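Undergrad: Structure: upload.cif, mmCIF, C-alpha atoms and all ligand atoms.
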data_upload
#
loop_
_atom_site.label_atom_id
_atom_site.label_comp_id
_atom_site.auth_asym_id
_atom_site.auth_seq_id
_atom_site.Cartn_x
_atom_site.Cartn_y
_atom_site.Cartn_z
CA MET A 217 1.28 -5.50 14.99
CA LYS A 218 -2.23 -5.65 13.65
CA SER A 219 -2.74 -6.64 10.05
CA ILE A 220 -3.83 -3.91 7.69
CA ILE A 221 -6.21 -3.94 4.73
CA ILE A 222 -5.94 -1.01 2.36
CA ALA A 223 -8.49 -0.07 -0.30
CA ASN A 224 -7.01 1.57 -3.38
CA TRP A 225 -9.91 3.06 -5.28
CA LYS A 226 -7.61 4.42 -8.02
CA MET A 227 -9.43 6.77 -10.47
CA ASN A 228 -12.62 4.73 -10.48
CA LEU A 229 -15.15 6.76 -8.51
CA ASP A 230 -16.56 10.26 -8.59
CA LEU A 231 -17.26 12.08 -5.35
CA LYS A 232 -20.84 10.89 -5.02
CA LYS A 233 -19.95 7.24 -5.54
CA SER A 234 -16.96 7.55 -3.19
CA LEU A 235 -19.20 8.83 -0.41
CA VAL A 236 -21.79 6.12 -0.92
CA LEU A 237 -19.12 3.42 -0.82
CA ALA A 238 -17.34 4.90 2.21
CA ASP A 239 -20.65 5.05 4.04
CA LYS A 240 -21.53 1.44 3.25
CA ILE A 241 -18.12 0.22 4.40
CA LYS A 242 -18.18 2.33 7.56
CA LYS A 243 -21.53 0.93 8.62
CA GLN A 244 -20.26 -2.64 8.45
CA VAL A 245 -17.02 -2.34 10.33
CA ALA A 246 -17.72 -1.66 13.97
CA ASN A 247 -15.31 -4.09 15.64
CA LEU A 248 -12.22 -4.79 13.64
CA LYS A 249 -9.36 -7.14 14.31
CA SER A 250 -7.34 -5.56 11.51
CA GLU A 251 -6.72 -1.96 10.59
CA ALA A 252 -8.60 -0.73 7.55
CA VAL A 253 -7.64 2.14 5.27
CA ILE A 254 -9.44 3.77 2.34
CA CYS A 255 -7.48 5.61 -0.36
CA PRO A 256 -9.90 7.65 -2.49
CA SER A 257 -8.83 10.02 -5.25
CA PHE A 258 -7.42 13.40 -4.17
CA THR A 259 -10.65 15.25 -4.92
CA ALA A 260 -12.66 12.94 -2.68
CA LEU A 261 -10.22 12.93 0.24
CA SER A 262 -11.80 15.78 2.13
CA GLU A 263 -15.39 14.54 2.01
CA VAL A 264 -14.54 10.86 2.47
CA GLY A 265 -12.33 11.91 5.39
CA LYS A 266 -15.29 13.61 7.03
CA LYS A 267 -17.50 10.59 6.37
CA ILE A 268 -15.15 8.11 8.05
CA LYS A 269 -14.08 10.37 10.90
CA ARG A 270 -14.66 8.68 14.24
CA SER A 271 -15.00 5.30 12.51
CA LYS A 272 -12.56 2.38 12.56
CA ILE A 273 -11.34 3.27 9.07
CA ALA A 274 -8.30 5.43 8.41
CA LEU A 275 -7.76 7.71 5.43
CA GLY A 276 -4.93 7.32 2.91
CA ALA A 277 -3.86 9.15 -0.25
CA GLN A 278 -2.88 7.47 -3.50
CA ASP A 279 0.20 9.61 -4.00
CA VAL A 280 2.10 12.68 -2.76
CA PHE A 281 4.65 15.04 -4.23
CA TYR A 282 8.22 14.89 -2.95
CA GLU A 283 8.72 18.59 -2.18
CA GLU A 284 7.02 20.39 0.70
CA SER A 285 5.64 23.23 -1.45
CA GLY A 286 6.44 25.40 -4.46
CA ALA A 287 5.86 25.73 -8.18
CA TYR A 288 4.73 22.17 -8.92
CA THR A 289 1.57 22.52 -10.95
CA GLY A 290 -0.99 19.83 -10.34
CA GLU A 291 0.80 18.15 -7.47
CA GLU A 292 -0.35 17.67 -3.88
CA SER A 293 1.78 18.35 -0.83
CA ILE A 294 2.22 16.15 2.19
CA LYS A 295 1.00 18.95 4.46
CA THR A 296 -2.29 19.17 2.57
CA LEU A 297 -2.76 15.42 2.90
CA LYS A 298 -2.09 15.67 6.59
CA ASP A 299 -4.54 18.54 7.00
CA LEU A 300 -7.18 16.44 5.27
CA GLY A 301 -6.69 13.71 7.84
CA CYS A 302 -4.58 11.21 5.91
CA SER A 303 -2.43 8.93 7.97
CA TYR A 304 -1.24 6.70 5.09
CA VAL A 305 0.02 7.40 1.59
CA LEU A 306 0.62 4.99 -1.28
CA ILE A 307 4.01 5.55 -2.86
CA GLY A 308 5.48 4.06 -6.02
CA HIS A 309 2.40 2.20 -7.24
CA SER A 310 3.26 0.40 -10.48
CA GLU A 311 0.56 2.32 -12.35
CA ARG A 312 2.39 5.53 -11.52
CA ARG A 313 5.74 4.02 -12.40
CA ILE A 314 4.35 2.87 -15.76
CA HIS A 315 2.02 5.71 -16.80
CA LEU A 316 3.68 8.69 -15.13
CA GLY A 317 7.33 7.79 -15.31
CA GLU A 318 7.80 7.68 -11.58
CA ASN A 319 11.27 6.39 -10.83
CA ASP A 320 13.08 5.04 -7.80
CA GLU A 321 14.65 8.40 -6.99
CA MET A 322 11.27 10.16 -6.86
CA ILE A 323 9.82 7.31 -4.84
CA ASN A 324 12.71 7.52 -2.39
CA LYS A 325 12.09 11.24 -1.87
CA LYS A 326 8.36 10.65 -1.42
CA ILE A 327 8.99 8.01 1.25
CA LYS A 328 11.28 10.43 3.07
CA ILE A 329 8.85 13.33 3.00
CA ALA A 330 6.00 11.13 4.21
CA LEU A 331 8.03 9.87 7.17
CA LYS A 332 9.28 13.36 7.99
CA ASN A 333 5.66 14.49 8.23
CA LYS A 334 4.55 11.44 10.20
CA LEU A 335 2.44 9.79 7.55
CA THR A 336 2.96 6.09 7.04
CA PRO A 337 4.25 5.35 3.54
CA VAL A 338 2.90 2.31 1.75
CA PHE A 339 5.87 1.62 -0.51
CA CYS A 340 4.73 -0.46 -3.50
CA LEU A 341 7.07 -2.66 -5.48
CA GLY A 342 6.88 -5.72 -7.69
CA GLU A 343 8.06 -7.26 -10.91
CA SER A 344 6.52 -7.50 -14.38
CA LEU A 345 5.98 -10.85 -16.06
CA VAL A 346 8.95 -10.26 -18.36
CA VAL A 347 11.20 -9.68 -15.36
CA ARG A 348 9.83 -12.76 -13.63
CA GLU A 349 10.45 -14.96 -16.67
CA ARG A 350 13.74 -13.56 -17.95
CA GLN A 351 15.64 -11.72 -15.27
CA GLY A 352 14.54 -13.31 -12.05
CA VAL A 353 12.59 -11.74 -9.26
CA GLU A 354 15.20 -11.60 -6.52
CA LYS A 355 17.67 -9.20 -8.13
CA PHE A 356 14.88 -6.93 -9.33
CA ILE A 357 13.09 -6.72 -5.99
CA ILE A 358 16.32 -6.12 -4.08
CA GLU A 359 17.19 -3.27 -6.42
CA GLN A 360 13.75 -1.64 -6.13
CA LEU A 361 13.88 -2.01 -2.38
CA GLN A 362 17.41 -0.65 -1.98
CA ASN A 363 16.76 2.31 -4.26
CA GLY A 364 13.44 3.17 -2.67
CA LEU A 365 14.84 2.96 0.85
CA GLU A 366 18.23 4.60 0.23
CA GLY A 367 18.98 6.75 3.28
CA VAL A 368 15.56 6.10 4.81
CA SER A 369 15.60 5.63 8.54
CA ILE A 370 12.74 4.29 10.58
CA ASN A 371 12.64 4.95 14.30
CA LYS A 372 10.51 3.47 17.03
CA SER A 373 7.76 6.03 16.56
CA SER A 374 7.45 5.66 12.78
CA GLN A 375 6.12 2.94 10.56
CA ILE A 376 6.44 1.83 6.99
CA ILE A 377 4.39 -0.63 4.98
CA ILE A 378 5.91 -2.45 2.04
CA ALA A 379 3.38 -3.71 -0.48
CA TYR A 380 4.57 -6.48 -2.75
CA GLU A 381 2.45 -6.23 -5.88
CA PRO A 382 3.55 -8.30 -8.87
CA ILE A 383 2.50 -6.13 -11.83
CA TRP A 384 1.15 -9.08 -13.76
CA ALA A 385 -1.30 -9.84 -10.96
CA ILE A 386 -2.71 -6.31 -10.67
CA GLY A 387 -6.22 -6.01 -12.04
CA THR A 388 -5.77 -9.14 -14.15
CA GLY A 389 -7.49 -11.76 -12.03
CA LYS A 390 -4.21 -13.72 -12.16
CA ASN A 391 -2.98 -14.79 -8.79
CA ILE A 392 0.41 -15.48 -7.44
CA LYS A 393 0.50 -18.55 -5.22
CA PRO A 394 0.82 -17.48 -1.58
CA GLU A 395 3.95 -19.67 -1.38
CA ASP A 396 5.53 -17.70 -4.23
CA ALA A 397 4.60 -14.41 -2.60
CA GLU A 398 6.18 -15.76 0.57
CA LYS A 399 9.49 -16.27 -1.26
CA VAL A 400 9.47 -12.57 -2.10
CA PHE A 401 8.54 -11.60 1.46
CA MET A 402 11.58 -13.56 2.62
CA ILE A 403 13.82 -11.74 0.16
CA ILE A 404 12.42 -8.41 1.36
CA ARG A 405 12.76 -9.28 5.06
CA ASP A 406 16.35 -10.46 4.61
CA GLN A 407 17.19 -7.24 2.86
CA LEU A 408 15.47 -5.07 5.46
CA LYS A 409 17.48 -6.75 8.20
CA LYS A 410 20.62 -5.54 6.44
CA ILE A 411 19.53 -1.91 6.57
CA TRP A 412 17.57 -1.59 9.82
CA PRO A 413 17.87 -3.14 13.30
CA LEU A 414 15.91 -6.35 13.78
CA SER A 415 13.60 -4.73 16.34
CA ILE A 416 12.57 -2.10 13.77
CA VAL A 417 11.97 -4.73 11.07
CA LYS A 418 9.81 -6.68 13.49
CA ASN A 419 7.88 -3.87 15.12
CA ASN A 420 7.73 -1.00 12.67
CA VAL A 421 7.48 -2.60 9.23
CA ARG A 422 4.57 -4.53 7.78
CA LEU A 423 4.81 -6.51 4.55
CA ILE A 424 1.55 -6.75 2.67
CA TYR A 425 0.41 -8.29 -0.61
CA GLY A 426 -1.54 -6.77 -3.48
CA GLY A 427 -2.72 -8.01 -6.88
CA SER A 428 -6.19 -9.38 -7.70
CA VAL A 429 -7.03 -9.99 -4.07
CA ASN A 430 -10.68 -10.93 -3.53
CA ASP A 431 -12.87 -12.24 -0.73
CA LYS A 432 -12.03 -15.83 -1.68
CA ASN A 433 -8.27 -15.80 -2.10
CA CYS A 434 -7.57 -13.40 0.79
CA VAL A 435 -7.72 -16.21 3.34
CA GLU A 436 -5.05 -18.13 1.41
CA PHE A 437 -2.64 -15.23 1.85
CA ALA A 438 -3.42 -15.08 5.57
CA VAL A 439 -2.89 -18.81 6.06
CA ARG A 440 -0.16 -19.72 3.57
CA SER A 441 2.06 -16.64 3.65
CA SER A 442 3.38 -14.24 6.24
CA ALA A 443 1.58 -11.27 4.65
CA GLN A 444 0.60 -8.79 7.34
CA GLY A 445 -2.12 -7.25 5.24
CA LEU A 446 -3.46 -6.64 1.75
CA LEU A 447 -3.65 -3.83 -0.78
CA VAL A 448 -6.92 -4.23 -2.60
CA GLY A 449 -7.92 -2.52 -5.85
CA GLY A 450 -10.92 -3.87 -7.78
CA ALA A 451 -12.44 -5.78 -4.88
CA SER A 452 -12.38 -2.67 -2.70
CA LEU A 453 -14.96 -1.02 -4.96
CA LYS A 454 -17.65 -3.36 -3.69
CA ALA A 455 -18.54 -2.66 -0.06
CA ASP A 456 -19.61 -6.19 0.84
CA GLU A 457 -16.57 -7.79 -0.71
CA PHE A 458 -14.13 -5.35 0.85
CA VAL A 459 -15.72 -5.78 4.26
CA SER A 460 -15.52 -9.55 4.02
CA ILE A 461 -11.83 -9.26 3.08
CA ILE A 462 -11.26 -7.14 6.19
CA LYS A 463 -13.15 -9.62 8.34
CA ASN A 464 -11.54 -12.74 6.89
CA PHE A 465 -7.91 -11.65 6.91
CA TYR A 466 -6.16 -11.37 10.24
P1 LIG A 501 -6.21 -5.08 -7.90
O1 LIG A 501 -5.27 -3.80 -7.63
O2 LIG A 501 -6.65 -5.59 -6.57
O3 LIG A 501 -7.36 -4.55 -8.72
O4 LIG A 501 -5.39 -6.07 -8.63
C1 LIG A 501 -4.37 -3.77 -6.58
C2 LIG A 501 -3.55 -2.51 -6.63
O5 LIG A 501 -3.24 -2.04 -7.72
O6 LIG A 501 -3.19 -1.93 -5.61
#
In structure tokens, what does this structure look like?
TA:
Amino acid sequence: MKSIIIANWKMNLDLKKSLVLADKIKKQVANLKSEAVICPSFTALSEVGKKIKRSKIALGAQDVFYEESGAYTGEESIKTLKDLGCSYVLIGHSERRIHLGENDEMINKKIKIALKNKLTPVFCLGESLVVRERQGVEKFIIEQLQNGLEGVSINKSSQIIIAYEPIWAIGTGKNIKPEDAEKVFMIIRDQLKKIWPLSIVKNNVRLIYGGSVNDKNCVEFAVRSSAQGLLVGGASLKADEFVSIIKNFY
């Protein structure tokens, strides 16, 4: 499977800036060894989608609601995201868990609805510093993983991406050592092998890393860990830097 680099623009850009950035990135990525995805805010999805159509870059959403439709004020449905051309959707980002009270049960339902509608979920998980220091990472990660994937089945024609993002490394400039990220990837892979057949874990799941990734440290994750891609926040807001991450990581 190809590696995948995902830009998470969060709530940082208005429509005009989103289009300028998408255009700059598009122009620099003609031949890619990795897959590249841009996740703009909901309100920019349509226009950014048009801008990157017929380019090497795919469109992703930053979230989705877990019901197909109905009286859910302010939410976005999976069908709408699909209509807008999204093929990926971030689910369970720690910022949503922290600021919007998203819990494992909601995340589980979101993963299921994404898969049902043939969008690839990018299931985000990771520990806080308190958990890392006091409770231990393994138990916490296994619990998040098991809860998020409860009853989730992946078949040969679907895909899931699991993004390990230690909360303390997100937007802080603090880095986890690739070797320490690797320990968590091993925990995740071992756990996945308990729930899905080995062939699915190998061919239909990608484990990626996120948290203060930049154009310098990205190579370290490629070389010193088994990360199959990156989820990039801050550094994806600068076209040149994001493009060099895409080009350097594979
Ligand atoms: P960061 O964000 O690269 O700015 O740390 C990553 C993320 O939150 O997905």
Undergrad: For segment 416-430 of chain A, find every residue with an atom within 6 Å (counting all atoms listed in the file), except residues of its own chain fewer than 3 positions away, and show them as a list in words.
TA: Gln375, Ile376, Ile377, Ile378, Ala379, Tyr380, Glu381, Ala385, Ile386, Gly387, Gly389, Pro413, Asn433, Cys434, Ala443, Gln444, Gly445, Leu446, Leu447, Val448 and Ala451 of chain A
Undergrad: I need the residues from that last selection saved to file as a PDB file, in the coordinates of the input (with C-alpha atoms), if you can.
TA:
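What ended up in selection-v4.pdb:
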ATOM      1  CA  GLN A 375       6.120   2.940  10.560  1.00  0.00           C
ATOM      2  CA  ILE A 376       6.440   1.830   6.990  1.00  0.00           C
ATOM      3  CA  ILE A 377       4.390  -0.630   4.980  1.00  0.00           C
ATOM      4  CA  ILE A 378       5.910  -2.450   2.040  1.00  0.00           C
ATOM      5  CA  ALA A 379       3.380  -3.710  -0.480  1.00  0.00           C
ATOM      6  CA  TYR A 380       4.570  -6.480  -2.750  1.00  0.00           C
ATOM      7  CA  GLU A 381       2.450  -6.230  -5.880  1.00  0.00           C
ATOM      8  CA  ALA A 385      -1.300  -9.840 -10.960  1.00  0.00           C
ATOM      9  CA  ILE A 386      -2.710  -6.310 -10.670  1.00  0.00           C
ATOM     10  CA  GLY A 387      -6.220  -6.010 -12.040  1.00  0.00           C
ATOM     11  CA  GLY A 389      -7.490 -11.760 -12.030  1.00  0.00           C
ATOM     12  CA  PRO A 413      17.870  -3.140  13.300  1.00  0.00           C
ATOM     13  CA  ASN A 433      -8.270 -15.800  -2.100  1.00  0.00           C
ATOM     14  CA  CYS A 434      -7.570 -13.400   0.790  1.00  0.00           C
ATOM     15  CA  ALA A 443       1.580 -11.270   4.650  1.00  0.00           C
ATOM     16  CA  GLN A 444       0.600  -8.790   7.340  1.00  0.00           C
ATOM     17  CA  GLY A 445      -2.120  -7.250   5.240  1.00  0.00           C
ATOM     18  CA  LEU A 446      -3.460  -6.640   1.750  1.00  0.00           C
ATOM     19  CA  LEU A 447      -3.650  -3.830  -0.780  1.00  0.00           C
ATOM     20  CA  VAL A 448      -6.920  -4.230  -2.600  1.00  0.00           C
ATOM     21  CA  ALA A 451     -12.440  -5.780  -4.880  1.00  0.00           C
TER      22      ALA A 451
END
Undergrad: Would you list the contacts of segment 300-314 of chain A as a ChimeraX atom specification, taking every protein, DNA or RNA residue within 7 Å and counting all atoms listed in the file, but skipping same-chain residues closer than 2 positions in sequence?
TA: /A:261-262,265,274-279,296-298,316-319,323,326-327,335-341,383
Undergrad: Of the residues A:Ile358, A:Met227, A:Val280, A:Val236, which is the one nearest to Ser257 of chain A, using all atoms listed in the file?
TA: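 The closest residue to Ser257 of chain A is A:Met227.
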Undergrad: Find the residue from A:Phe258, A:Thr289, A:Lys355, A:Leu248 that sits nearest to Asp230 of chain A; use all atoms listed in the file when measuring.
TA: A:Phe258
Undergrad: Which residue is closest to ligand LIG 501 (chain A)? Choose from A:Ser452, A:Gln351, A:Gln407, A:Ser373 and count all atoms listed in the file.
TA: A:Ser452
Undergrad: Can you work out the spacing between atom CA of Pro256 of chain A and atom CA of Ile268 of chain A in Å, to one decimal?
TA: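 Separation between atom CA of Pro256 of chain A and atom CA of Ile268 of chain A: 11.8 Å.
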Undergrad: Please indicate the distance in Å from atom O3 of ligand LIG 501 (chain A) to atom CA of Lys390 of chain A, rounded to one decimal place.
TA: 10.3 Å
Undergrad: Expressed in Å to a single decimal, how great is the separation between atom CA of Val400 of chain A and atom CA of Gly367 of chain A?
TA: 22.2 Å
Undergrad: I'd like to know which of A:Tyr466, A:Tyr288, A:Lys334, A:Glu359 is closest to Asn371 of chain A, using all atoms listed in the file.
TA: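 Ranked by minimum distance to Asn371 of chain A, first place goes to A:Lys334.
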Undergrad: Calculated over all atoms listed in the file, which of the candidates A:Lys218, A:Lys454, A:Lys463, A:Lys233 has the smallest distance to ligand LIG 501 (chain A)?
TA: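 The closest residue to ligand LIG 501 (chain A) is A:Lys454.
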Undergrad: Env of Val435 of chain A: 9 Å cut, atoms = all atoms listed in the file, seq-sep filter 2 positions within chain, self excluded. Answer as a ChimeraX atom specification.
TA: /A:431-433,437-440,461,464-466
Undergrad: Quick one: of A:Lys410, A:Glu354, A:Glu457, A:Ser415, who's nearest to Ala397 of chain A, counting all atoms listed in the file?
TA: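 So, comparing all the options, the nearest one is A:Glu354.
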Undergrad: Report the centre and edge lengths, in Å to one decimal, of an axis-aligned box enclosing every atom of ligand LIG 501 (chain A) listed in the file, padded by 5 Å on each side, as JSON.
TA:
{"center_x": -5.3, "center_y": -4.0, "center_z": -7.2, "size_x": 14.2, "size_y": 14.1, "size_z": 13.1}
Undergrad: Would you list the residues near (15.9, 4.1, -3.7) (no more than 10 Å away, in the coordinates of the file, using only C-alpha atoms) as number ranges by chain?
TA: A: 319-325, 327, 359-368
